[in-house]
Each structure stands twice: as C-alpha cells, then as structure tokens.
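Undergrad: The structure under discussion is supplied below as structure tokens; questions concerning it will follow.
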Amino acid sequence: MRMPYFAERCRFQRSNNWIVSICFLVSSGAYAQDSGTDEPGARVFSITPRIALTETLTDNVRLAATAQQSELVTELSPGIRVVSNTAHLKGYFDYSVDQLVYAKNPSANTQQNALSTVATLEAIDNWAYIDFSGSQSQQAISAFGTLSNNNADINSNLTEVSNYRFSPYVRGHIVSLADYEVRYSLSDTRSDSAVSDVSSVDSMVKLSGASAFKNLAWTSEITQQNVDYSAGRATTANRLNLSLTYALSPQLRVSADGGREANNYTTLDKENYANSGIGFAWSPSPLTRFQASRDQRSFGEAHNISLEHRTEKTAWRFTDTNDVSVTPNQTGVTSQGAVFDILFQQFSAIEPDPTARTQLVNSYLQANGLSPNAVVLSNYLTSAVALERRQDLSVALIGVRDTVTFIASRSQSNRLDLISRGVDDLSTSSILRQHGFSIIYAHRLTPDFSMTAFLSQQNIAGDLSQQDATLRSVKFNLSSRFGKKSSGLVSLVRTVSSGGAASYTENAVTVNLIVQF
C-alpha cells in the first residue's frame with residue numbers, strides 16, 4: 001500500500017533536511033486520514049472523531065493573591081475534525097465540547113465549546129462562491145481584568161465568544177474589458193457577557209482591468225458597511241475608491257488612489273470626506289514580498305505594511321496596520337493562530353494547495369507538541385468602533401528535530417466613536433496599550449516523542465496606574481504518540497500576574513490523553 005498523497009508529494013520535493021523531517025512525520029502516521037486512492041492529487045474528504053481526557057491539578061484555581069485554593073479539574077472533550085479538499089468544497093471544521101468537573105467546587109462545573117472552521121464552496125463553476133468562517137473560544141471580557149492562560153481556572157473575567165462570517169460572492173469577466181467581483185458579507189460576534197454583541201453587514205462591488213497604457217491597471221471599488229452594537233449604537237460607512245497601479249518592473253508596482261467616503265464614526269449623522277492614498281508592492285523573489293500603503297481618511301492616517309520572507313529553514317513575517325476596527329485586537333476567524341500562520345507560510349515550499357497545506361501544518365504541530373493558537377495579546381470585547389494600531393512579528397526557525405518560534409505583538413487602541421454610550425475598556429480608559437512576546441522551543445526526541453518549552457509575557461497599560469498589569473508564564477510539555485490513533489501530553493506551567501485587577505501566582509500540572517477514531 002502506498003503512502004498518503006501528502007507524504008508522497010513531499011518525497012519528490014527538494015532534499016532539505018527540514019523538508020525530509022516533515023515528510024517523515026507525515027508518512028509515519030501523523031495524518032489521521034488518507035484520501036482513499038493511490039492517485040497523486042486525489043481529492044480528499046475526511047472525518048476524524050476524537051475524545052480527550054484532561055486532568056489538571058492547580059494550586060490556585062481562583063487566581064487569588066492570598067488564601068489560594070488547590071483544585072483537581074477533570075475535562076472530558078469529545079470532538080470531530082472534518083477536512084474537505086473536493087472540487088467544490090475546500091476547508092476544515094474542528095469542534096469539541098468540553099465538560100469541566102471540579103473536585104472541590106462542583107458549583108463551578110461548566111461546559112465550554114471550542115470551534116474553528118474556514119470553508120469555501122464553489123456553488124457555480126468559476127463564478128459563484130460562498131465563504132464561511134467561524135470560531136468559539138474562551139476570551140477575556142476586559143483587558144484590565146484578571147488574565148489567565150488556563151481555561152480551567154475559575155475566572156469571572158473569562159467568557160465564551162462566538163464569531164461567524166457568511167459571505168456569498170460572484171466573480172468573472174466582462175468580455176475582455178474588466179474583471180468583476182460582487183460580495184455580500186454577514187458577520188456576528190456574541191458572548192455571554194454584558195459587553196455588546198456585534199453584527200455587521202458588508203457589501204462590495206469591484207471592477208478592475210488593464211488600460212490603454214502599457215503596465216497601467218485600474219481598480220474601482222464601492223463598499224458599504226453597517227455595524228450594530230447591541231449595547232452601543234449603529235454606525236454606517238460608505239466608500240467609493242479608484243486606484244491606479246503602474247508596474248515599473250515585473251517585481252515592483254506603485255499605486256495611487258482617491259475617492260470619497262461617508263460615515264458617522266464621530267458624528268450623529270453621516271458626513272462626507274475625501275480620501276486619497278499611495279502604495280507600492282515589491283517582490284524581488286518568490287520567497288520575499290514587501291508591500292506598503294498609506295491613506296488619508298476621515299479619522300486621519302491609515303496604513304498597512306507587510307513583509308514576508310522565507311529561506312530553506314526560516315520564515316519571517318511582519319505586519320503594521322493602523323485602521324478602523326469593529327472588534328479591536330481580535331485574532332479573526334480566518335486564522336488558526338500565529339504559530340500556525342508562520343508555519344503555513346513556510347510550508348508553501350512543499351504544498352501550494354491551501355487545504356492540503358493546512359493538514360500538513362496541523363500534522364507537524366501535533367507531532368512536535370506545538371499549539372497552533374498561542375496568544376501573545378489577550379483579546380477583549382468592545383461596544384463601539386475603535387481606531388487600532390497593531391504590529392506583529394513572527395519568526396520560525398525549523399531544523400531536522402528542532403523548531404524555534406518567536407512571536408511579538410504590540411497594539412494601541414482608542415475609541416473612535418465618542419458618541420456611543422457602550423461600556424467597555426475604551427470607555428474607562430481613553431487608550432489601551434498592549435505589548436508582549438512568546439518564545440516556543442520544540443525538540444523532537446524520537447518520531448513519536450517530543451518536548452516543548454514556552455516562555456511568554458504580556459504587558460497592559462491604560463490611563464490609570466491601577467490598570468497597568470504584567471502576565472508572565474513558563475510552560476514545559478512532554479508529548480508522545482501511542483500508535484496512529486492516540487497521543488498524550490504532560491504539561492508543567494507556572495504563571496505570575498502582577499499589578500492590575502489581580503496579582504497572583506499559579507502552578508499547575510496537566511495530563512492529557514487524546515484518542516482518534
């Protein structure tokens with residue numbers, strides 16, 4: 001019997017050591033499913049049920065500064081993962097329901113949902129599509145509240161947040177004159193807290209094409225966004241923008257744009273504003289991409305800078321954005337986390353297909369005991385439109401047995417809509433600053449056994465000194481696979497929180513067993 005397609009594809013790639021090690025992991029059973037055919041490029045649809053049992057022993061389950069209480073938390077988590085790479089449906093669906101039982105605090109017994117899904121359905125060949133994404137996870141209600149890296153802690157500042165996006169669209173050609181795309185999007189963010197739920201409706205019509213002048217292309221875009229905060233007020237923004245792009249060379253393009261926008265971000269009624277901007281994109285090689293744009297908007301300057309670079313054994317990624325944000329500091333439902341994203345970028349050398357690459361990255365993460373969604377900055381809930389400046393840096397160093405990942409983030413948010421009466425962090429402080437980093441070192445001792453060390457720190461600051469806080473965490477994991485269907489993990493973690501709403505220390509031991517069917 002031949003090896004799965006993804007492993008076979010790896011076998012014919014360049015013979016770099018790190019690629020060979022990834023392929024070995026895949027062919028030795030890192031994948032739970034096969035395509036069921038021997039043909040390379042076969043379409044894949046797989047369903048993998050699983051069940052996980054987790055025991056956590058903590059010396060401070062309530063995150064108290066004094067009178068700490070130890071606790072044994074049992075967590076039973078049935079789940080399922082569906083991956084589709086068929087002709088018309090590409091994406092994944094990963095869901096688990098976690099039942100937490102507390103030995104000493106039965107009144108705290110609870111149920112948590114964990115969901116991550118992204119999919120694209122090609123409803124009509126080469127014309128009509130539907131994008132869908134969603135997530136459910138535990139998030140902080142307030143960045144100024146008690147922060148924790150452990151969902152098993154009894155923490156009133158944690159709540160379950162769900163975020164869904166549904167977006168049908170069509171795209172095609174108008175004879176040989178232009179390309180078009182018409183898109184409609186519905187987004188919804190809800191939580192169990194008193195902070196506002198957020199729903200938004202976005203629509204877009206986009207035309208683009210070449211001009212009579214060589215190397216000059218044009219794009220015209222009309223957008224509309226309606227955002228409604230259940231505990232705040234609704235805002236509306238319309239924008240018409242025309243952009244011209246000129247290719248100075250195959251590697252370098254420059255652009256300029258201008259147009260009009262109307263919004264009520266800072267006023268009761270919509271007002272009209274002119275906007276303009278410039279940008280460029282440079283790709284000196286297939287391994288390096290750099291682009292930057294700067295726009296003058298109704299609220300001031302907006303910019304977007306991104307740099308991606310990879311070598312045989314490293315991947316580098318940097319982004320710097322300043323723009324309006326409906327939910328500041330949210331990770332977004334189209335991302336599985338910073339660690340996943342940087343490896344997804346790196347593994348494009350072996351697997352260009354996004355869905356197949358998702359499976360490849362998840363297999364590598366599982367084999368090396370890495371968490372895809374390590375969070376550097378805590379998410380928090382908002383009740384009004386804000387202006388957010390955010391910078392993110394990710395670096396991955398990949399060897400035959402070792403992977404080192406460095407992630408650093410910094411953000412600064414302030415409320416743009418000062419008319420709203422919605423209550424959140426940006427109504428109690430005019431500005432919220434966060435910065436932090438995470439260093440993850442993974443070493444694969446054998447094909448089935450690995451160890452991982454984590455070091456992270458997060459700093460939070462507001463207007464008041466009592467809003468300043470620091471959260472530090474050190475974690476050590478030992479993980480192992482038991483055959484092709486089961487794996488285990490032992491984790492030791494120490495967390496220290498100082499300043500802010502709560503100062504505490506917590507030491508915890510976690511034992512986790514996962515069985516796939």
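In the structure tokens, chains take letters A, B, ... by order of appearance, with residues numbered from 1 within each chain and ligands from 1 in the order shown.
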Find the residues near stretch 201-212 of chain A: any atom within 10 Å, counting only C-alpha atoms, skip ones fewer than 3 places away on the same chain, and give them as a compact mmCIF listing (two decimals) with all heavy atoms, in the first residue's frame.
TA:
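The result, stored in part.txt:
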# COMPACT_ATOMS: atom_id res chain seq x y z
N ARG A 165 -18.88 34.34 10.19
CA ARG A 165 -18.94 35.18 8.98
C ARG A 165 -19.43 34.33 7.81
O ARG A 165 -18.91 33.25 7.55
CB ARG A 165 -17.57 35.77 8.66
CG ARG A 165 -17.54 36.64 7.40
CD ARG A 165 -16.18 37.29 7.22
NE ARG A 165 -16.09 38.09 6.00
CZ ARG A 165 -15.64 37.63 4.83
NH1 ARG A 165 -15.21 36.36 4.74
NH2 ARG A 165 -15.59 38.41 3.77
N PHE A 166 -20.45 34.85 7.10
CA PHE A 166 -21.03 34.20 5.93
C PHE A 166 -20.96 35.18 4.77
O PHE A 166 -21.46 36.30 4.88
CB PHE A 166 -22.48 33.80 6.23
CG PHE A 166 -23.21 33.23 5.06
CD1 PHE A 166 -23.00 31.92 4.65
CD2 PHE A 166 -24.13 34.00 4.36
CE1 PHE A 166 -23.69 31.38 3.58
CE2 PHE A 166 -24.83 33.47 3.29
CZ PHE A 166 -24.60 32.16 2.90
N SER A 167 -20.33 34.76 3.66
CA SER A 167 -20.06 35.72 2.59
C SER A 167 -20.21 35.07 1.22
O SER A 167 -19.29 34.44 0.70
CB SER A 167 -18.64 36.29 2.74
OG SER A 167 -18.36 37.21 1.71
N TYR A 169 -20.44 35.43 -2.89
CA TYR A 169 -19.93 36.39 -3.87
C TYR A 169 -19.84 35.74 -5.25
O TYR A 169 -19.84 34.50 -5.37
CB TYR A 169 -18.56 36.93 -3.46
CG TYR A 169 -17.45 35.91 -3.36
CD1 TYR A 169 -16.51 35.75 -4.38
CD2 TYR A 169 -17.33 35.11 -2.23
CE1 TYR A 169 -15.49 34.82 -4.27
CE2 TYR A 169 -16.31 34.18 -2.11
CZ TYR A 169 -15.39 34.04 -3.14
OH TYR A 169 -14.37 33.11 -3.04
N VAL A 170 -19.80 36.59 -6.25
CA VAL A 170 -19.60 36.14 -7.64
C VAL A 170 -18.43 36.93 -8.22
O VAL A 170 -18.18 38.08 -7.84
CB VAL A 170 -20.86 36.35 -8.50
CG1 VAL A 170 -22.01 35.49 -7.99
CG2 VAL A 170 -21.27 37.82 -8.54
N ARG A 171 -17.73 36.30 -9.14
CA ARG A 171 -16.64 36.99 -9.82
C ARG A 171 -16.49 36.41 -11.21
O ARG A 171 -16.77 35.24 -11.46
CB ARG A 171 -15.34 36.86 -9.04
CG ARG A 171 -14.81 35.44 -8.89
CD ARG A 171 -13.60 35.42 -7.99
NE ARG A 171 -13.04 34.08 -7.88
CZ ARG A 171 -12.12 33.74 -6.97
NH1 ARG A 171 -11.66 34.64 -6.12
NH2 ARG A 171 -11.66 32.50 -6.93
N GLY A 172 -16.08 37.28 -12.14
CA GLY A 172 -15.94 36.84 -13.52
C GLY A 172 -15.38 37.96 -14.38
O GLY A 172 -14.72 38.89 -13.89
N HIS A 173 -15.65 37.86 -15.68
CA HIS A 173 -15.10 38.81 -16.65
C HIS A 173 -16.24 39.46 -17.44
O HIS A 173 -17.24 38.83 -17.74
CB HIS A 173 -14.16 38.11 -17.63
CG HIS A 173 -13.14 37.25 -16.97
ND1 HIS A 173 -11.99 37.74 -16.40
CD2 HIS A 173 -13.09 35.90 -16.79
CE1 HIS A 173 -11.28 36.74 -15.89
NE2 HIS A 173 -11.93 35.62 -16.11
N ILE A 174 -16.07 40.73 -17.76
CA ILE A 174 -16.98 41.43 -18.66
C ILE A 174 -16.27 41.48 -20.01
O ILE A 174 -15.45 42.37 -20.28
CB ILE A 174 -17.29 42.84 -18.15
CG1 ILE A 174 -17.90 42.77 -16.76
CG2 ILE A 174 -18.25 43.55 -19.11
CD1 ILE A 174 -18.16 44.12 -16.14
N SER A 176 -13.67 41.26 -22.52
CA SER A 176 -12.24 41.45 -22.27
C SER A 176 -11.97 42.83 -21.66
O SER A 176 -10.83 43.28 -21.62
CB SER A 176 -11.45 41.32 -23.58
OG SER A 176 -11.89 42.27 -24.54
N LEU A 177 -13.05 43.47 -21.17
CA LEU A 177 -12.91 44.83 -20.68
C LEU A 177 -12.44 44.89 -19.23
O LEU A 177 -11.59 45.71 -18.88
CB LEU A 177 -14.25 45.56 -20.82
CG LEU A 177 -14.80 45.70 -22.23
CD1 LEU A 177 -16.17 46.39 -22.20
CD2 LEU A 177 -13.83 46.49 -23.11
N ALA A 178 -12.99 44.02 -18.39
CA ALA A 178 -12.68 44.13 -16.96
C ALA A 178 -13.05 42.84 -16.24
O ALA A 178 -13.84 42.03 -16.74
CB ALA A 178 -13.43 45.31 -16.34
N ASP A 179 -12.48 42.68 -15.06
CA ASP A 179 -12.88 41.64 -14.13
C ASP A 179 -13.81 42.26 -13.09
O ASP A 179 -13.67 43.44 -12.75
CB ASP A 179 -11.67 41.03 -13.43
CG ASP A 179 -10.72 40.37 -14.41
OD1 ASP A 179 -11.19 39.84 -15.44
OD2 ASP A 179 -9.50 40.38 -14.15
N TYR A 180 -14.73 41.47 -12.57
CA TYR A 180 -15.64 42.00 -11.55
C TYR A 180 -15.75 41.03 -10.39
O TYR A 180 -15.54 39.82 -10.52
CB TYR A 180 -17.02 42.27 -12.15
CG TYR A 180 -17.78 41.03 -12.57
CD1 TYR A 180 -18.57 40.32 -11.66
CD2 TYR A 180 -17.71 40.56 -13.88
CE1 TYR A 180 -19.26 39.19 -12.04
CE2 TYR A 180 -18.39 39.43 -14.28
CZ TYR A 180 -19.17 38.74 -13.35
OH TYR A 180 -19.84 37.61 -13.73
N GLU A 181 -16.09 41.60 -9.23
CA GLU A 181 -16.41 40.81 -8.05
C GLU A 181 -17.49 41.55 -7.27
O GLU A 181 -17.36 42.75 -7.01
CB GLU A 181 -15.20 40.59 -7.15
CG GLU A 181 -15.51 39.78 -5.89
CD GLU A 181 -14.29 39.50 -5.03
OE1 GLU A 181 -13.16 39.58 -5.56
OE2 GLU A 181 -14.47 39.22 -3.82
N VAL A 182 -18.54 40.84 -6.93
CA VAL A 182 -19.64 41.39 -6.13
C VAL A 182 -19.78 40.50 -4.90
O VAL A 182 -20.01 39.29 -5.04
CB VAL A 182 -20.96 41.43 -6.93
CG1 VAL A 182 -22.08 42.02 -6.06
CG2 VAL A 182 -20.79 42.23 -8.22
N ARG A 183 -19.66 41.10 -3.72
CA ARG A 183 -19.63 40.31 -2.48
C ARG A 183 -20.58 40.91 -1.44
O ARG A 183 -20.72 42.13 -1.33
CB ARG A 183 -18.21 40.28 -1.92
CG ARG A 183 -18.07 39.45 -0.64
CD ARG A 183 -16.65 39.53 -0.10
NE ARG A 183 -15.70 38.81 -0.91
CZ ARG A 183 -15.35 37.54 -0.70
NH1 ARG A 183 -15.92 36.87 0.31
NH2 ARG A 183 -14.45 36.96 -1.46
N TYR A 184 -21.20 40.00 -0.68
CA TYR A 184 -22.08 40.37 0.42
C TYR A 184 -21.65 39.56 1.64
O TYR A 184 -21.45 38.33 1.54
CB TYR A 184 -23.54 40.07 0.07
CG TYR A 184 -24.54 40.45 1.13
CD1 TYR A 184 -24.96 41.76 1.28
CD2 TYR A 184 -25.08 39.48 1.97
CE1 TYR A 184 -25.90 42.10 2.24
CE2 TYR A 184 -26.02 39.81 2.93
CZ TYR A 184 -26.42 41.12 3.07
OH TYR A 184 -27.34 41.46 4.04
N SER A 185 -21.47 40.21 2.79
CA SER A 185 -20.96 39.52 3.97
C SER A 185 -21.80 39.84 5.20
O SER A 185 -22.18 40.99 5.42
CB SER A 185 -19.50 39.93 4.25
OG SER A 185 -18.66 39.59 3.17
N LEU A 186 -22.07 38.80 5.98
CA LEU A 186 -22.73 38.93 7.27
C LEU A 186 -21.78 38.42 8.35
O LEU A 186 -21.27 37.30 8.25
CB LEU A 186 -24.03 38.12 7.31
CG LEU A 186 -25.15 38.52 6.35
CD1 LEU A 186 -26.27 37.49 6.41
CD2 LEU A 186 -25.69 39.90 6.70
N SER A 187 -21.54 39.23 9.37
CA SER A 187 -20.67 38.83 10.48
C SER A 187 -21.41 39.03 11.79
O SER A 187 -22.19 39.98 11.94
CB SER A 187 -19.38 39.65 10.49
OG SER A 187 -18.65 39.46 9.30
N ASP A 188 -21.13 38.14 12.74
CA ASP A 188 -21.83 38.21 14.02
C ASP A 188 -20.88 37.76 15.13
O ASP A 188 -20.27 36.70 15.03
CB ASP A 188 -23.07 37.33 14.00
CG ASP A 188 -23.95 37.55 15.21
OD1 ASP A 188 -24.59 38.62 15.28
OD2 ASP A 188 -23.98 36.68 16.09
N ASN A 215 1.44 48.54 -18.89
CA ASN A 215 1.82 48.39 -17.48
C ASN A 215 0.93 49.16 -16.51
O ASN A 215 1.21 49.20 -15.32
CB ASN A 215 3.28 48.82 -17.24
CG ASN A 215 4.27 47.98 -18.02
OD1 ASN A 215 3.97 46.85 -18.38
ND2 ASN A 215 5.44 48.54 -18.29
N LEU A 216 -0.14 49.80 -17.00
CA LEU A 216 -1.03 50.54 -16.12
C LEU A 216 -2.36 49.80 -15.97
O LEU A 216 -2.99 49.44 -16.96
CB LEU A 216 -1.29 51.94 -16.68
CG LEU A 216 -2.18 52.86 -15.81
CD1 LEU A 216 -1.47 53.18 -14.50
CD2 LEU A 216 -2.52 54.14 -16.58
N ALA A 217 -2.75 49.56 -14.72
CA ALA A 217 -4.01 48.88 -14.44
C ALA A 217 -4.86 49.75 -13.51
O ALA A 217 -4.34 50.63 -12.82
CB ALA A 217 -3.75 47.52 -13.80
N TRP A 218 -6.16 49.51 -13.50
CA TRP A 218 -7.06 50.30 -12.69
C TRP A 218 -7.99 49.41 -11.88
O TRP A 218 -8.28 48.27 -12.26
CB TRP A 218 -7.90 51.26 -13.55
CG TRP A 218 -8.75 50.54 -14.57
CD1 TRP A 218 -8.39 50.20 -15.83
CD2 TRP A 218 -10.10 50.08 -14.38
NE1 TRP A 218 -9.41 49.53 -16.46
CE2 TRP A 218 -10.48 49.45 -15.59
CE3 TRP A 218 -11.00 50.12 -13.33
CZ2 TRP A 218 -11.73 48.88 -15.76
CZ3 TRP A 218 -12.25 49.54 -13.49
CH2 TRP A 218 -12.60 48.94 -14.70
N THR A 219 -8.47 49.91 -10.76
CA THR A 219 -9.45 49.22 -9.92
C THR A 219 -10.44 50.23 -9.37
O THR A 219 -10.04 51.29 -8.88
CB THR A 219 -8.77 48.49 -8.75
OG1 THR A 219 -7.85 47.52 -9.25
CG2 THR A 219 -9.81 47.79 -7.87
N SER A 220 -11.71 49.91 -9.47
CA SER A 220 -12.76 50.76 -8.91
C SER A 220 -13.54 49.93 -7.90
O SER A 220 -13.94 48.79 -8.20
CB SER A 220 -13.69 51.27 -10.01
OG SER A 220 -14.74 52.04 -9.45
N GLU A 221 -13.77 50.49 -6.71
CA GLU A 221 -14.40 49.71 -5.65
C GLU A 221 -15.41 50.55 -4.89
O GLU A 221 -15.11 51.68 -4.49
CB GLU A 221 -13.33 49.16 -4.70
CG GLU A 221 -13.84 48.23 -3.63
CD GLU A 221 -12.70 47.59 -2.86
OE1 GLU A 221 -12.05 46.68 -3.40
OE2 GLU A 221 -12.47 48.01 -1.71
N ILE A 222 -16.60 50.00 -4.70
CA ILE A 222 -17.64 50.62 -3.90
C ILE A 222 -17.93 49.69 -2.73
O ILE A 222 -18.20 48.50 -2.92
CB ILE A 222 -18.92 50.86 -4.71
CG1 ILE A 222 -18.64 51.75 -5.92
CG2 ILE A 222 -20.00 51.49 -3.84
CD1 ILE A 222 -19.83 51.89 -6.86
N THR A 223 -17.87 50.21 -1.51
CA THR A 223 -18.13 49.39 -0.33
C THR A 223 -19.14 50.08 0.59
O THR A 223 -19.23 51.31 0.62
CB THR A 223 -16.85 49.12 0.47
OG1 THR A 223 -16.28 50.37 0.91
CG2 THR A 223 -15.82 48.37 -0.37
N GLN A 224 -19.85 49.27 1.34
CA GLN A 224 -20.77 49.77 2.35
C GLN A 224 -20.70 48.84 3.56
O GLN A 224 -20.66 47.61 3.41
CB GLN A 224 -22.20 49.85 1.85
CG GLN A 224 -23.18 50.39 2.89
CD GLN A 224 -24.60 50.51 2.36
OE1 GLN A 224 -25.02 49.72 1.52
NE2 GLN A 224 -25.35 51.49 2.85
N GLN A 225 -20.66 49.43 4.76
CA GLN A 225 -20.63 48.64 5.98
C GLN A 225 -21.60 49.22 7.00
O GLN A 225 -21.58 50.42 7.26
CB GLN A 225 -19.22 48.61 6.58
CG GLN A 225 -19.12 47.76 7.85
CD GLN A 225 -17.75 47.80 8.48
OE1 GLN A 225 -17.33 48.84 8.98
NE2 GLN A 225 -17.04 46.67 8.46
N ASN A 226 -22.43 48.35 7.56
CA ASN A 226 -23.33 48.72 8.65
C ASN A 226 -22.99 47.86 9.86
O ASN A 226 -23.06 46.62 9.78
CB ASN A 226 -24.79 48.49 8.24
CG ASN A 226 -25.20 49.35 7.06
OD1 ASN A 226 -25.14 50.56 7.12
ND2 ASN A 226 -25.60 48.70 5.97
N VAL A 227 -22.62 48.50 10.96
CA VAL A 227 -22.23 47.80 12.17
C VAL A 227 -23.19 48.17 13.29
O VAL A 227 -23.46 49.36 13.51
CB VAL A 227 -20.78 48.15 12.59
CG1 VAL A 227 -20.38 47.36 13.83
CG2 VAL A 227 -19.82 47.88 11.44
N ASP A 228 -23.69 47.17 13.99
CA ASP A 228 -24.66 47.42 15.06
C ASP A 228 -24.14 46.79 16.35
O ASP A 228 -23.86 45.59 16.40
CB ASP A 228 -26.02 46.82 14.69
CG ASP A 228 -27.08 47.18 15.71
OD1 ASP A 228 -26.92 48.21 16.40
OD2 ASP A 228 -28.08 46.44 15.81
N THR A 236 -22.50 53.51 10.21
CA THR A 236 -22.56 53.19 8.78
C THR A 236 -21.42 53.89 8.06
O THR A 236 -21.09 55.04 8.37
CB THR A 236 -23.90 53.66 8.17
OG1 THR A 236 -24.97 53.03 8.86
CG2 THR A 236 -23.98 53.31 6.70
N ALA A 237 -20.81 53.18 7.13
CA ALA A 237 -19.71 53.76 6.34
C ALA A 237 -19.85 53.34 4.89
O ALA A 237 -19.99 52.15 4.59
CB ALA A 237 -18.37 53.32 6.90
N ASN A 238 -19.84 54.32 3.98
CA ASN A 238 -19.84 54.08 2.54
C ASN A 238 -18.55 54.64 1.96
O ASN A 238 -18.05 55.68 2.42
CB ASN A 238 -21.03 54.76 1.86
CG ASN A 238 -22.36 54.31 2.44
OD1 ASN A 238 -22.49 53.17 2.87
ND2 ASN A 238 -23.32 55.23 2.46
N ARG A 239 -18.03 53.97 0.93
CA ARG A 239 -16.78 54.45 0.34
C ARG A 239 -16.72 54.12 -1.14
O ARG A 239 -17.08 53.02 -1.55
CB ARG A 239 -15.57 53.82 1.05
CG ARG A 239 -14.24 54.44 0.65
CD ARG A 239 -13.09 53.81 1.41
NE ARG A 239 -11.83 54.43 1.05
CZ ARG A 239 -10.63 53.98 1.41
NH1 ARG A 239 -10.54 52.89 2.16
NH2 ARG A 239 -9.53 54.60 1.04
N LEU A 240 -16.28 55.09 -1.93
CA LEU A 240 -16.01 54.91 -3.36
C LEU A 240 -14.54 55.22 -3.59
O LEU A 240 -14.08 56.31 -3.23
CB LEU A 240 -16.89 55.85 -4.20
CG LEU A 240 -16.53 55.96 -5.69
CD1 LEU A 240 -16.70 54.60 -6.39
CD2 LEU A 240 -17.38 57.02 -6.37
N ASN A 241 -13.83 54.28 -4.18
CA ASN A 241 -12.39 54.45 -4.33
C ASN A 241 -11.94 54.00 -5.72
O ASN A 241 -12.38 52.97 -6.23
CB ASN A 241 -11.65 53.64 -3.26
CG ASN A 241 -10.26 54.17 -2.99
OD1 ASN A 241 -10.09 55.32 -2.62
ND2 ASN A 241 -9.26 53.33 -3.18
N LEU A 242 -11.07 54.79 -6.35
CA LEU A 242 -10.47 54.45 -7.64
C LEU A 242 -8.97 54.38 -7.46
O LEU A 242 -8.35 55.31 -6.92
CB LEU A 242 -10.83 55.51 -8.70
CG LEU A 242 -10.16 55.32 -10.07
CD1 LEU A 242 -10.61 54.02 -10.72
CD2 LEU A 242 -10.47 56.51 -10.99
N SER A 243 -8.37 53.27 -7.91
CA SER A 243 -6.94 53.06 -7.74
C SER A 243 -6.28 52.78 -9.08
O SER A 243 -6.84 52.07 -9.93
CB SER A 243 -6.69 51.87 -6.79
OG SER A 243 -5.32 51.57 -6.69
N LEU A 244 -5.09 53.39 -9.28
CA LEU A 244 -4.28 53.15 -10.47
C LEU A 244 -2.97 52.51 -10.04
O LEU A 244 -2.33 52.97 -9.09
CB LEU A 244 -4.00 54.45 -11.22
CG LEU A 244 -5.22 55.19 -11.78
CD1 LEU A 244 -4.79 56.52 -12.39
CD2 LEU A 244 -5.96 54.34 -12.79
N THR A 245 -2.57 51.44 -10.73
CA THR A 245 -1.34 50.72 -10.41
C THR A 245 -0.45 50.65 -11.64
O THR A 245 -0.91 50.27 -12.73
CB THR A 245 -1.64 49.29 -9.92
OG1 THR A 245 -2.49 49.36 -8.78
CG2 THR A 245 -0.36 48.56 -9.56
Undergrad: Go through stretch 26-179 of chain A and collect every residue that DSSP, computed from the backbone, puts in strand (DSSP E); the answer should be as an MDAnalysis selection string.
TA: chainID A and resid 45:58 71:85 89:102 110:124 128:140 158:174 178:179
Undergrad: Using Å and a single decimal, report how far atom CA of A:Leu377 sits from atom CA of A:Ala119.
TA: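 Spanning atom CA of A:Ala119 to atom CA of A:Leu377 is a straight-line distance of 26.3 Å.
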Undergrad: Write out as a list of chain:residue names the residues lying within 7 Å of A:Leu387, counting only C-alpha atoms and excluding same-chain residues fewer than 3 positions away.
TA: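 Skipping anything fewer than 3 positions along the chain leaves A:Asp323, A:Val324, A:Ser325, A:Ser413, A:Asn414, A:Arg415, A:Leu416.
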Undergrad: With a distance cut-off of 12 Å and only C-alpha atoms, select the neighbouring residues of A:Val198, excluding the residue or stretch itself and same-chain residues fewer than 2 positions from it, and output the selection as a ChimeraX atom specification.
TA: /A:161-165,186-191,195-196,200-201,226-235,325-328,381-385,422
